[in-house]
Every structure is written in structure tokens, then in C-alpha cells.
$ cat input.json   # JSON, C-alpha atoms
[["chain", "number", "residue", "atom", "x", "y", "z"],
["A", 7, "MET", "CA", -158.48, 84.61, 6.13],
["A", 8, "LYS", "CA", -158.81, 82.27, 3.16],
["A", 9, "ILE", "CA", -155.75, 80.25, 2.17],
["A", 10, "THR", "CA", -155.36, 77.84, -0.74],
["A", 11, "ILE", "CA", -152.79, 75.08, -0.42],
["A", 12, "LEU", "CA", -151.60, 73.46, -3.65],
["A", 13, "GLY", "CA", -150.17, 70.00, -3.07],
["A", 14, "ALA", "CA", -152.05, 69.79, 0.19],
["A", 15, "ASN", "CA", -151.16, 66.15, 0.83],
["A", 16, "GLY", "CA", -147.43, 66.83, 1.07],
["A", 17, "ARG", "CA", -145.78, 66.08, 4.39],
["A", 18, "ILE", "CA", -144.85, 69.69, 5.15],
["A", 19, "ALA", "CA", -148.28, 70.85, 4.00],
["A", 20, "ARG", "CA", -150.09, 68.47, 6.34],
["A", 21, "ILE", "CA", -148.17, 69.88, 9.31],
["A", 22, "ALA", "CA", -148.88, 73.45, 8.21],
["A", 23, "GLU", "CA", -152.57, 72.66, 7.78],
["A", 24, "GLN", "CA", -152.87, 71.49, 11.37],
["A", 25, "MET", "CA", -151.11, 74.64, 12.57],
["A", 26, "LEU", "CA", -153.39, 76.86, 10.50],
["A", 27, "LEU", "CA", -156.56, 75.14, 11.66],
["A", 28, "GLU", "CA", -155.70, 76.04, 15.24],
["A", 29, "HIS", "CA", -156.91, 79.52, 14.22],
["A", 30, "ASP", "CA", -160.70, 79.72, 14.11],
["A", 31, "ASP", "CA", -160.70, 82.57, 11.60],
["A", 32, "ILE", "CA", -158.85, 80.66, 8.84],
["A", 33, "GLU", "CA", -160.51, 78.77, 6.00],
["A", 34, "LEU", "CA", -158.46, 76.36, 3.90],
["A", 35, "THR", "CA", -158.97, 75.22, 0.33],
["A", 36, "LEU", "CA", -156.88, 72.09, -0.17],
["A", 37, "PHE", "CA", -155.93, 71.27, -3.75],
["A", 38, "ILE", "CA", -155.00, 67.62, -4.25],
["A", 39, "HIS", "CA", -154.65, 65.21, -7.15],
["A", 40, "ARG", "CA", -157.11, 62.57, -5.93],
["A", 41, "ASP", "CA", -160.00, 62.95, -3.51],
["A", 42, "ASN", "CA", -158.90, 60.01, -1.33],
["A", 43, "GLU", "CA", -155.56, 61.52, -0.33],
["A", 44, "LEU", "CA", -156.75, 63.27, 2.83],
["A", 45, "GLY", "CA", -158.04, 61.70, 6.04],
["A", 46, "ALA", "CA", -161.68, 61.76, 7.10],
["A", 47, "ALA", "CA", -161.02, 64.27, 9.89],
["A", 48, "MET", "CA", -159.74, 66.82, 7.37],
["A", 49, "LEU", "CA", -162.51, 66.13, 4.87],
["A", 50, "ASP", "CA", -165.18, 66.62, 7.56],
["A", 51, "ASN", "CA", -163.74, 69.90, 8.88],
["A", 52, "ASP", "CA", -166.10, 72.86, 8.38],
["A", 53, "HIS", "CA", -163.10, 75.13, 7.76],
["A", 54, "VAL", "CA", -161.81, 72.98, 4.88],
["A", 55, "THR", "CA", -162.82, 72.78, 1.23],
["A", 56, "VAL", "CA", -161.18, 70.11, -0.95],
["A", 57, "VAL", "CA", -160.61, 70.60, -4.67],
["A", 58, "THR", "CA", -159.12, 67.93, -6.93],
["A", 59, "GLY", "CA", -157.25, 68.50, -10.16],
["A", 60, "ASP", "CA", -153.98, 68.63, -12.04],
["A", 61, "ALA", "CA", -151.55, 71.23, -10.72],
["A", 62, "LYS", "CA", -150.14, 71.65, -14.23],
["A", 63, "SER", "CA", -153.53, 72.87, -15.46],
["A", 64, "GLU", "CA", -154.43, 76.52, -15.01],
["A", 65, "ALA", "CA", -158.08, 75.58, -15.58],
["A", 66, "ASP", "CA", -157.93, 73.21, -12.61],
["A", 67, "VAL", "CA", -155.95, 75.51, -10.33],
["A", 68, "LEU", "CA", -157.97, 78.67, -10.94],
["A", 69, "PRO", "CA", -161.21, 77.59, -9.18],
["A", 70, "ALA", "CA", -159.19, 76.55, -6.14],
["A", 71, "ILE", "CA", -157.59, 79.97, -5.66],
["A", 72, "GLU", "CA", -160.42, 82.32, -6.57],
["A", 73, "GLY", "CA", -161.30, 84.37, -3.52],
["A", 74, "ALA", "CA", -158.15, 83.38, -1.60],
["A", 75, "ASP", "CA", -156.08, 85.85, 0.38],
["A", 76, "ALA", "CA", -152.92, 83.79, -0.12],
["A", 77, "VAL", "CA", -151.64, 80.66, -1.85],
["A", 78, "TYR", "CA", -149.13, 78.19, -0.43],
["A", 79, "ALA", "CA", -147.68, 75.86, -3.08],
["A", 80, "ASN", "CA", -146.23, 72.63, -1.72],
["A", 81, "LEU", "CA", -145.77, 71.07, -5.15],
["A", 82, "ALA", "CA", -143.19, 68.57, -6.33],
["A", 83, "GLY", "CA", -142.43, 67.06, -9.70],
["A", 84, "GLY", "CA", -140.78, 63.87, -8.46],
["A", 85, "ARG", "CA", -137.29, 62.50, -8.99],
["A", 86, "ASP", "CA", -138.15, 60.98, -12.39],
["A", 87, "GLY", "CA", -140.42, 63.78, -13.61],
["A", 88, "SER", "CA", -139.19, 66.91, -11.88],
["A", 89, "GLU", "CA", -139.69, 68.90, -15.09],
["A", 90, "ASP", "CA", -143.37, 68.85, -14.12],
["A", 91, "ILE", "CA", -142.59, 71.53, -11.54],
["A", 92, "ILE", "CA", -142.09, 74.07, -14.34],
["A", 93, "PRO", "CA", -145.62, 73.85, -15.82],
["A", 94, "MET", "CA", -146.92, 73.77, -12.24],
["A", 95, "ALA", "CA", -145.21, 77.10, -11.60],
["A", 96, "LYS", "CA", -146.59, 78.54, -14.84],
["A", 97, "ALA", "CA", -150.13, 77.36, -14.03],
["A", 98, "THR", "CA", -149.91, 78.79, -10.52],
["A", 99, "VAL", "CA", -148.72, 82.22, -11.69],
["A", 100, "SER", "CA", -151.27, 82.40, -14.50],
["A", 101, "ALA", "CA", -154.17, 81.33, -12.29],
["A", 102, "MET", "CA", -153.19, 83.76, -9.55],
["A", 103, "ASP", "CA", -152.99, 86.59, -12.07],
["A", 104, "LYS", "CA", -156.46, 85.79, -13.37],
["A", 105, "ALA", "CA", -157.88, 85.47, -9.86],
["A", 106, "GLY", "CA", -156.22, 88.69, -8.68],
["A", 107, "VAL", "CA", -154.44, 86.90, -5.81],
["A", 108, "LYS", "CA", -150.97, 88.27, -5.05],
["A", 109, "ARG", "CA", -149.46, 86.48, -2.02],
["A", 110, "LEU", "CA", -147.62, 83.22, -2.76],
["A", 111, "ILE", "CA", -145.44, 80.96, -0.62],
["A", 112, "TRP", "CA", -143.51, 78.58, -2.90],
["A", 113, "ILE", "CA", -141.48, 75.61, -1.64],
["A", 114, "SER", "CA", -138.32, 74.94, -3.66],
["A", 115, "SER", "CA", -134.96, 73.33, -2.84],
["A", 116, "LEU", "CA", -131.57, 74.26, -1.49],
["A", 117, "GLY", "CA", -128.99, 74.55, -4.23],
["A", 118, "ILE", "CA", -131.08, 76.14, -6.99],
["A", 119, "HIS", "CA", -128.87, 79.22, -6.93],
["A", 120, "GLY", "CA", -125.56, 77.38, -6.51],
["A", 121, "GLU", "CA", -125.55, 78.68, -2.95],
["A", 122, "VAL", "CA", -124.50, 75.49, -1.15],
["A", 123, "PRO", "CA", -120.73, 75.58, -0.60],
["A", 124, "GLY", "CA", -118.02, 72.96, -0.24],
["A", 125, "GLU", "CA", -118.23, 69.19, -0.40],
["A", 126, "PHE", "CA", -121.84, 69.21, 0.72],
["A", 127, "GLY", "CA", -122.80, 71.49, -2.14],
["A", 128, "ALA", "CA", -121.00, 69.28, -4.65],
["A", 129, "TRP", "CA", -122.68, 66.16, -3.24],
["A", 130, "ASN", "CA", -126.08, 67.85, -3.21],
["A", 131, "ALA", "CA", -125.72, 68.89, -6.86],
["A", 132, "ARG", "CA", -124.50, 65.43, -7.86],
["A", 133, "ILE", "CA", -127.37, 63.62, -6.13],
["A", 134, "LEU", "CA", -130.11, 65.93, -7.40],
["A", 135, "GLY", "CA", -128.82, 66.57, -10.92],
["A", 136, "ASP", "CA", -131.56, 67.81, -13.25],
["A", 137, "TYR", "CA", -133.87, 68.18, -10.27],
["A", 138, "LEU", "CA", -132.06, 71.39, -9.33],
["A", 139, "ILE", "CA", -132.10, 72.68, -12.89],
["A", 140, "ASN", "CA", -135.86, 72.27, -13.15],
["A", 141, "TYR", "CA", -136.54, 73.67, -9.70],
["A", 142, "ARG", "CA", -134.41, 76.68, -10.63],
["A", 143, "LYS", "CA", -136.43, 77.15, -13.82],
["A", 144, "ALA", "CA", -139.64, 76.98, -11.80],
["A", 145, "ALA", "CA", -138.28, 79.55, -9.34],
["A", 146, "ASP", "CA", -137.38, 81.77, -12.31],
["A", 147, "VAL", "CA", -141.04, 81.65, -13.39],
["A", 148, "ILE", "CA", -142.12, 82.78, -9.92],
["A", 149, "GLU", "CA", -139.51, 85.53, -9.72],
["A", 150, "ALA", "CA", -140.42, 86.87, -13.17],
["A", 151, "SER", "CA", -144.04, 87.34, -12.09],
["A", 152, "ASP", "CA", -145.53, 90.37, -10.37],
["A", 153, "LEU", "CA", -146.66, 88.26, -7.41],
["A", 154, "GLU", "CA", -145.77, 89.01, -3.81],
["A", 155, "TYR", "CA", -143.91, 85.73, -3.47],
["A", 156, "THR", "CA", -141.63, 84.12, -0.93],
["A", 157, "ILE", "CA", -139.60, 81.18, -2.19],
["A", 158, "ILE", "CA", -138.44, 78.84, 0.58],
["A", 159, "ARG", "CA", -135.34, 76.71, -0.01],
["A", 160, "PRO", "CA", -135.19, 74.11, 2.77],
["A", 161, "ALA", "CA", -132.17, 72.01, 3.62],
["A", 162, "TRP", "CA", -132.55, 68.23, 3.65],
["A", 163, "LEU", "CA", -135.65, 67.40, 5.63],
["A", 164, "THR", "CA", -136.08, 65.44, 8.84],
["A", 165, "ASP", "CA", -139.16, 64.37, 10.79],
["A", 166, "LYS", "CA", -137.81, 65.69, 14.09],
["A", 167, "ASP", "CA", -140.48, 67.16, 16.35],
["A", 168, "GLU", "CA", -138.82, 70.55, 16.64],
["A", 169, "VAL", "CA", -138.97, 74.10, 15.38],
["A", 170, "ASP", "CA", -135.35, 75.16, 15.14],
["A", 171, "PHE", "CA", -134.11, 77.02, 12.07],
["A", 172, "GLU", "CA", -132.19, 79.97, 10.72],
["A", 173, "THR", "CA", -132.64, 81.74, 7.40],
["A", 174, "THR", "CA", -130.35, 82.98, 4.67],
["A", 175, "GLU", "CA", -131.25, 85.39, 1.91],
["A", 176, "LYS", "CA", -130.70, 84.92, -1.81],
["A", 177, "GLY", "CA", -127.04, 85.65, -2.52],
["A", 178, "GLU", "CA", -125.87, 84.30, 0.86],
["A", 179, "LEU", "CA", -124.15, 80.94, 1.19],
["A", 180, "PHE", "CA", -126.25, 78.17, 2.69],
["A", 181, "ARG", "CA", -125.11, 77.11, 6.17],
["A", 182, "GLY", "CA", -126.52, 73.89, 7.61],
["A", 183, "THR", "CA", -127.36, 70.57, 6.01],
["A", 184, "GLU", "CA", -130.75, 69.71, 7.51],
["A", 185, "VAL", "CA", -133.99, 71.17, 8.86],
["A", 186, "SER", "CA", -137.18, 69.62, 10.20],
["A", 187, "ARG", "CA", -140.39, 69.58, 8.22],
["A", 188, "LYS", "CA", -142.06, 71.08, 11.28],
["A", 189, "SER", "CA", -139.65, 74.03, 11.10],
["A", 190, "VAL", "CA", -140.49, 74.65, 7.44],
["A", 191, "ALA", "CA", -144.21, 74.40, 8.16],
["A", 192, "SER", "CA", -143.83, 76.86, 11.04],
["A", 193, "GLU", "CA", -142.15, 79.41, 8.77],
["A", 194, "VAL", "CA", -144.83, 78.91, 6.10],
["A", 195, "VAL", "CA", -147.54, 79.59, 8.65],
["A", 196, "THR", "CA", -145.72, 82.65, 10.01],
["A", 197, "LEU", "CA", -145.45, 84.12, 6.51],
["A", 198, "LEU", "CA", -149.09, 83.40, 5.72],
["A", 199, "LEU", "CA", -150.22, 85.09, 8.92],
["A", 200, "ASN", "CA", -147.83, 88.00, 8.36],
["A", 201, "PRO", "CA", -148.21, 88.59, 4.62],
["A", 202, "GLY", "CA", -146.03, 91.70, 4.56],
["A", 203, "GLU", "CA", -142.86, 89.79, 5.50],
["A", 204, "GLU", "CA", -140.18, 88.49, 3.08],
["A", 205, "LEU", "CA", -141.92, 89.86, -0.01],
["A", 206, "ARG", "CA", -140.31, 88.97, -3.36],
["A", 207, "ALA", "CA", -137.66, 87.09, -1.45],
["A", 208, "SER", "CA", -135.96, 83.70, -1.71],
["A", 209, "ILE", "CA", -134.93, 82.39, 1.69],
["A", 210, "GLY", "CA", -132.93, 79.35, 2.73],
["A", 211, "LEU", "CA", -133.91, 77.40, 5.86],
["A", 212, "ASP", "CA", -131.55, 75.21, 7.84],
["A", 213, "LYS", "CA", -131.04, 74.08, 11.42],
["A", 214, "PRO", "CA", -128.23, 75.97, 13.16],
["A", 215, "GLY", "CA", -125.19, 73.88, 13.98],
["A", 216, "THR", "CA", -125.73, 71.25, 11.27],
["A", 217, "GLU", "CA", -122.87, 72.32, 9.03],
["A", 218, "GLY", "CA", -120.94, 69.48, 7.41],
["A", 219, "ASP", "CA", -119.99, 67.74, 4.21],
["A", 220, "ARG", "CA", -122.57, 64.97, 4.22],
["A", 221, "PRO", "CA", -124.24, 63.72, 7.43],
["A", 222, "SER", "CA", -124.55, 59.96, 7.34],
["A", 223, "TRP", "CA", -128.36, 59.84, 7.70],
["A", 224, "MET", "CA", -128.70, 61.55, 4.32],
["A", 225, "LEU", "CA", -127.30, 58.54, 2.53],
["A", 226, "SER", "CA", -130.41, 56.50, 3.27],
["A", 227, "ASN", "CA", -132.85, 59.36, 2.73],
["A", 228, "SER", "CA", -131.59, 60.80, -0.51],
["A", 229, "THR", "CA", -135.05, 61.09, -2.11],
["A", 230, "GLU", "CA", -136.83, 62.76, 0.81],
["A", 231, "HIS", "CA", -135.76, 66.36, 0.85],
["A", 232, "LEU", "CA", -138.27, 68.54, -0.94],
["A", 233, "SER", "CA", -141.95, 69.22, -0.40],
["A", 234, "GLU", "CA", -142.97, 65.69, 0.56]]
$ encode --input "input.json" --output "C-alpha cells"
Amino acid sequence: MKITILGANGRIARIAEQMLLEHDDIELTLFIHRDNELGAAMLDNDHVTVVTGDAKSEADVLPAIEGADAVYANLAGGRDGSEDIIPMAKATVSAMDKAGVKRLIWISSLGIHGEVPGEFGAWNARILGDYLINYRKAADVIEASDLEYTIIRPAWLTDKDEVDFETTEKGELFRGTEVSRKSVASEVVTLLLNPGEELRASIGLDKPGTEGDRPSWMLSNSTEHLSE
């Protein structure tokens, strides 16, 4: 199986890459912005091909996904330039259409559908502001395509060494407030290895039992919640 990962240096992506490379029959193409972003061990792996380029450019993205069975996009626009995520979505969809690749896993954010209730939802919207608007617009680009996509909307991310999560579908209220990056990576890998699951779906991921208005640890980690 050949998988292309866009934004392959992201923190969730790096965990997913290690999980995927435990399978001898998987080949990864890692799309990054600069060729010095990945460690030597990854660069020297016979199952890994590294491609550099601008994720906003269809011309750069297309060579990375040609011949792939699936694409996993771990892209982020950044707090000060989150509008970049919209042209990234457009470039991804256009390149996949040209390459004839259908399966896409797209990392987004909780709150893009106004699905986070209560005080936590209000706080989340206030902290993220235009970030959510732009991530919603990018998700709209994905949903308007004919791709076999799964959009993942993680809760605020932790570095806990655990796989412990529950999912909600689009239209359901979000439940918890946090989830580990390892949990998100695990779900990404599951969907890549089982490409018929959650097709044309937008799913929320959170850790069960973490409901609340605003856990205190979030106050000092307010910029570390998306695909980093």
C-alpha cells in the first residue's frame, strides 16, 4: 500500500508514520516544506520517499500523490496565517482529482460546525476566532469534492502516551475537551488500513470523561491543538 502524507513533519503525522512503518507492506511518500525537517532515520528508510514543496501549490503536491492508494493531510495554516489552509485544501483536492486518487484523511479542528456546546464551546470559539472560520472553509472544499474523504476534528491535543478516544459524527454535539495525539494518529492509521470506513464523513475525536468548561492545562497550551 502506498500512502502520501502531506505535512509529514507534524506531531500527529510523525506518530502515525512510525505506526505505519511497522507494516512491511506499506510505502510512504512524505511531503514536507523543507528537506531538513525529518530525522536521518526516516530519510534513510527504504520504505520512505521524501518530497519537498509548497502545500498550497497543486504543481508541487501532484507529484507527491501520483500512484498513491491514499492521502493523509496533516496540514496547518498557523495562528497568524490560518487562511493558508484554504488554498491547501484546494490544491489537495485538485491534485488528487488529476492523479485519480480518491481516499483522503483530512485533519481539521473541533468547533468548525459549531458543535462544541456550553462554556467550553464559547471559550474555544473565542480563542480560535478566524482560525475556525478558515478551517470550516477548508472543510467545505473537501466536502464539496467527489473524494472518499474522512475529516477528523480532534479535541485539544495532549502528548499523553495513550490511545483512548470516542468519536462523534457530524451533527452530534462534541463531548470531551481533550484527546492525545497518539489517539488521533491511531485513528488515522486505522482508517488508512481500512479504507472503506467512515467514507464522506466528518468525525470528532475526544477522550471519554474529559467533559468540562475549560480544563486548566489548556490555558498554557492555547496554540497547540491542531495538526502540530
$ atom_distance --input "input.json" --atom1 "CA of Tyr78 (chain A)" --atom2 "CA of Asn15 (chain A)"
12.3 Å
$ residues_around --input "input.json" --residues "Leu34 (chain A)" --least-positions-apart "4" --cutoff "8 Å" --atoms "all atoms listed in the file" --output "PyMOL selection string"
chain A and resi 8-11+23+53-55
$ residues_around --input "input.json" --residues "region 110-127 of chain A" --least-positions-apart "3" --cutoff "7 Å" --atoms "all atoms listed in the file" --output "list in words"
Ala76, Val77, Tyr78, Ala79, Asn80, Asn130, Ala131, Leu138, Ile139, Tyr141, Arg142, Leu153, Glu154, Tyr155, Thr156, Ile157, Ile158, Arg159, Pro160, Ala161, Glu178, Leu179, Phe180, Gly210, Gly218, Asp219, Arg220, Leu232 and Ser233 of chain A
$ closest_residue --input "input.json" --among "A:Thr35, A:Asn200, A:Ser100, A:Asn51" --to "Glu64 (chain A)" --atoms "all atoms listed in the file"
A:Ser100
$ atom_distance --input "input.json" --atom1 "CA of Glu193 (chain A)" --atom2 "CA of Asp75 (chain A)"
17.5 Å
$ closest_residue --input "input.json" --among "A:Met25, A:Leu12, A:Ile92, A:Val99" --to "Thr58 (chain A)" --atoms "all atoms listed in the file"
A:Leu12
$ atom_distance --input "input.json" --atom1 "CA of Ile209 (chain A)" --atom2 "CA of Ala145 (chain A)"
11.9 Å
$ residues_around --input "input.json" --residues "Phe171 (chain A)" --least-positions-apart "2" --cutoff "7 Å" --atoms "only C-alpha atoms" --output "VMD selection string"
chain A and resid 169 173 185 189 211 to 214
$ build_atoms --input "input.json" --residues "region 125-136 of chain A" --atoms "all heavy atoms" --output "PDB file, in the coordinates of the input"
ATOM      1  N   GLU A 125    -117.958  70.573  -0.038  1.00  0.00           N
ATOM      2  CA  GLU A 125    -118.230  69.190  -0.400  1.00  0.00           C
ATOM      3  C   GLU A 125    -119.716  68.875  -0.347  1.00  0.00           C
ATOM      4  O   GLU A 125    -120.240  68.133  -1.182  1.00  0.00           O
ATOM      5  CB  GLU A 125    -117.461  68.248   0.526  1.00  0.00           C
ATOM      6  CG  GLU A 125    -117.727  66.771   0.279  1.00  0.00           C
ATOM      7  CD  GLU A 125    -117.333  66.324  -1.116  1.00  0.00           C
ATOM      8  OE1 GLU A 125    -116.407  66.919  -1.695  1.00  0.00           O
ATOM      9  OE2 GLU A 125    -117.959  65.368  -1.623  1.00  0.00           O
ATOM     10  N   PHE A 126    -120.408  69.454   0.632  1.00  0.00           N
ATOM     11  CA  PHE A 126    -121.840  69.210   0.720  1.00  0.00           C
ATOM     12  C   PHE A 126    -122.566  69.743  -0.500  1.00  0.00           C
ATOM     13  O   PHE A 126    -123.460  69.090  -1.053  1.00  0.00           O
ATOM     14  CB  PHE A 126    -122.419  69.838   1.993  1.00  0.00           C
ATOM     15  CG  PHE A 126    -123.912  69.690   2.122  1.00  0.00           C
ATOM     16  CD1 PHE A 126    -124.490  68.438   2.169  1.00  0.00           C
ATOM     17  CD2 PHE A 126    -124.726  70.808   2.189  1.00  0.00           C
ATOM     18  CE1 PHE A 126    -125.874  68.296   2.274  1.00  0.00           C
ATOM     19  CE2 PHE A 126    -126.106  70.670   2.303  1.00  0.00           C
ATOM     20  CZ  PHE A 126    -126.674  69.412   2.350  1.00  0.00           C
ATOM     21  N   GLY A 127    -122.182  70.923  -0.954  1.00  0.00           N
ATOM     22  CA  GLY A 127    -122.800  71.490  -2.140  1.00  0.00           C
ATOM     23  C   GLY A 127    -122.547  70.644  -3.373  1.00  0.00           C
ATOM     24  O   GLY A 127    -123.452  70.440  -4.191  1.00  0.00           O
ATOM     25  N   ALA A 128    -121.326  70.127  -3.514  1.00  0.00           N
ATOM     26  CA  ALA A 128    -121.000  69.280  -4.650  1.00  0.00           C
ATOM     27  C   ALA A 128    -121.794  67.982  -4.604  1.00  0.00           C
ATOM     28  O   ALA A 128    -122.306  67.510  -5.627  1.00  0.00           O
ATOM     29  CB  ALA A 128    -119.494  68.990  -4.672  1.00  0.00           C
ATOM     30  N   TRP A 129    -121.900  67.399  -3.402  1.00  0.00           N
ATOM     31  CA  TRP A 129    -122.680  66.160  -3.240  1.00  0.00           C
ATOM     32  C   TRP A 129    -124.156  66.404  -3.522  1.00  0.00           C
ATOM     33  O   TRP A 129    -124.802  65.623  -4.219  1.00  0.00           O
ATOM     34  CB  TRP A 129    -122.479  65.635  -1.826  1.00  0.00           C
ATOM     35  CG  TRP A 129    -123.301  64.414  -1.508  1.00  0.00           C
ATOM     36  CD1 TRP A 129    -123.010  63.123  -1.830  1.00  0.00           C
ATOM     37  CD2 TRP A 129    -124.535  64.385  -0.790  1.00  0.00           C
ATOM     38  NE1 TRP A 129    -124.002  62.284  -1.360  1.00  0.00           N
ATOM     39  CE2 TRP A 129    -124.943  63.033  -0.728  1.00  0.00           C
ATOM     40  CE3 TRP A 129    -125.341  65.361  -0.208  1.00  0.00           C
ATOM     41  CZ2 TRP A 129    -126.121  62.643  -0.097  1.00  0.00           C
ATOM     42  CZ3 TRP A 129    -126.514  64.975   0.418  1.00  0.00           C
ATOM     43  CH2 TRP A 129    -126.897  63.627   0.478  1.00  0.00           C
ATOM     44  N   ASN A 130    -124.678  67.510  -2.996  1.00  0.00           N
ATOM     45  CA  ASN A 130    -126.080  67.850  -3.210  1.00  0.00           C
ATOM     46  C   ASN A 130    -126.384  67.993  -4.699  1.00  0.00           C
ATOM     47  O   ASN A 130    -127.375  67.458  -5.202  1.00  0.00           O
ATOM     48  CB  ASN A 130    -126.392  69.153  -2.469  1.00  0.00           C
ATOM     49  CG  ASN A 130    -127.852  69.542  -2.534  1.00  0.00           C
ATOM     50  OD1 ASN A 130    -128.700  68.894  -1.946  1.00  0.00           O
ATOM     51  ND2 ASN A 130    -128.148  70.622  -3.246  1.00  0.00           N
ATOM     52  N   ALA A 131    -125.517  68.696  -5.420  1.00  0.00           N
ATOM     53  CA  ALA A 131    -125.720  68.890  -6.860  1.00  0.00           C
ATOM     54  C   ALA A 131    -125.608  67.578  -7.609  1.00  0.00           C
ATOM     55  O   ALA A 131    -126.353  67.330  -8.568  1.00  0.00           O
ATOM     56  CB  ALA A 131    -124.708  69.899  -7.390  1.00  0.00           C
ATOM     57  N   ARG A 132    -124.692  66.714  -7.183  1.00  0.00           N
ATOM     58  CA  ARG A 132    -124.500  65.430  -7.860  1.00  0.00           C
ATOM     59  C   ARG A 132    -125.709  64.516  -7.654  1.00  0.00           C
ATOM     60  O   ARG A 132    -126.176  63.856  -8.580  1.00  0.00           O
ATOM     61  CB  ARG A 132    -123.230  64.767  -7.345  1.00  0.00           C
ATOM     62  CG  ARG A 132    -122.869  63.472  -8.066  1.00  0.00           C
ATOM     63  CD  ARG A 132    -121.482  63.005  -7.679  1.00  0.00           C
ATOM     64  NE  ARG A 132    -121.375  62.651  -6.274  1.00  0.00           N
ATOM     65  CZ  ARG A 132    -120.730  63.353  -5.356  1.00  0.00           C
ATOM     66  NH1 ARG A 132    -120.142  64.499  -5.698  1.00  0.00           N
ATOM     67  NH2 ARG A 132    -120.663  62.946  -4.101  1.00  0.00           N
ATOM     68  N   ILE A 133    -126.231  64.478  -6.436  1.00  0.00           N
ATOM     69  CA  ILE A 133    -127.370  63.620  -6.130  1.00  0.00           C
ATOM     70  C   ILE A 133    -128.633  64.093  -6.858  1.00  0.00           C
ATOM     71  O   ILE A 133    -129.403  63.301  -7.405  1.00  0.00           O
ATOM     72  CB  ILE A 133    -127.629  63.583  -4.609  1.00  0.00           C
ATOM     73  CG1 ILE A 133    -126.497  62.830  -3.891  1.00  0.00           C
ATOM     74  CG2 ILE A 133    -128.970  62.945  -4.294  1.00  0.00           C
ATOM     75  CD1 ILE A 133    -126.442  61.347  -4.211  1.00  0.00           C
ATOM     76  N   LEU A 134    -128.858  65.402  -6.875  1.00  0.00           N
ATOM     77  CA  LEU A 134    -130.110  65.930  -7.400  1.00  0.00           C
ATOM     78  C   LEU A 134    -130.094  66.149  -8.915  1.00  0.00           C
ATOM     79  O   LEU A 134    -131.130  66.058  -9.565  1.00  0.00           O
ATOM     80  CB  LEU A 134    -130.468  67.240  -6.690  1.00  0.00           C
ATOM     81  CG  LEU A 134    -130.682  67.106  -5.178  1.00  0.00           C
ATOM     82  CD1 LEU A 134    -131.107  68.440  -4.595  1.00  0.00           C
ATOM     83  CD2 LEU A 134    -131.714  66.041  -4.862  1.00  0.00           C
ATOM     84  N   GLY A 135    -128.942  66.474  -9.473  1.00  0.00           N
ATOM     85  CA  GLY A 135    -128.820  66.570 -10.920  1.00  0.00           C
ATOM     86  C   GLY A 135    -129.826  67.520 -11.553  1.00  0.00           C
ATOM     87  O   GLY A 135    -129.945  68.692 -11.174  1.00  0.00           O
ATOM     88  N   ASP A 136    -130.591  66.991 -12.525  1.00  0.00           N
ATOM     89  CA  ASP A 136    -131.560  67.810 -13.250  1.00  0.00           C
ATOM     90  C   ASP A 136    -132.667  68.342 -12.363  1.00  0.00           C
ATOM     91  O   ASP A 136    -133.336  69.321 -12.717  1.00  0.00           O
ATOM     92  CB  ASP A 136    -132.184  67.016 -14.406  1.00  0.00           C
ATOM     93  CG  ASP A 136    -131.208  66.784 -15.544  1.00  0.00           C
ATOM     94  OD1 ASP A 136    -130.177  67.472 -15.588  1.00  0.00           O
ATOM     95  OD2 ASP A 136    -131.489  65.913 -16.386  1.00  0.00           O
TER      96      ASP A 136
END
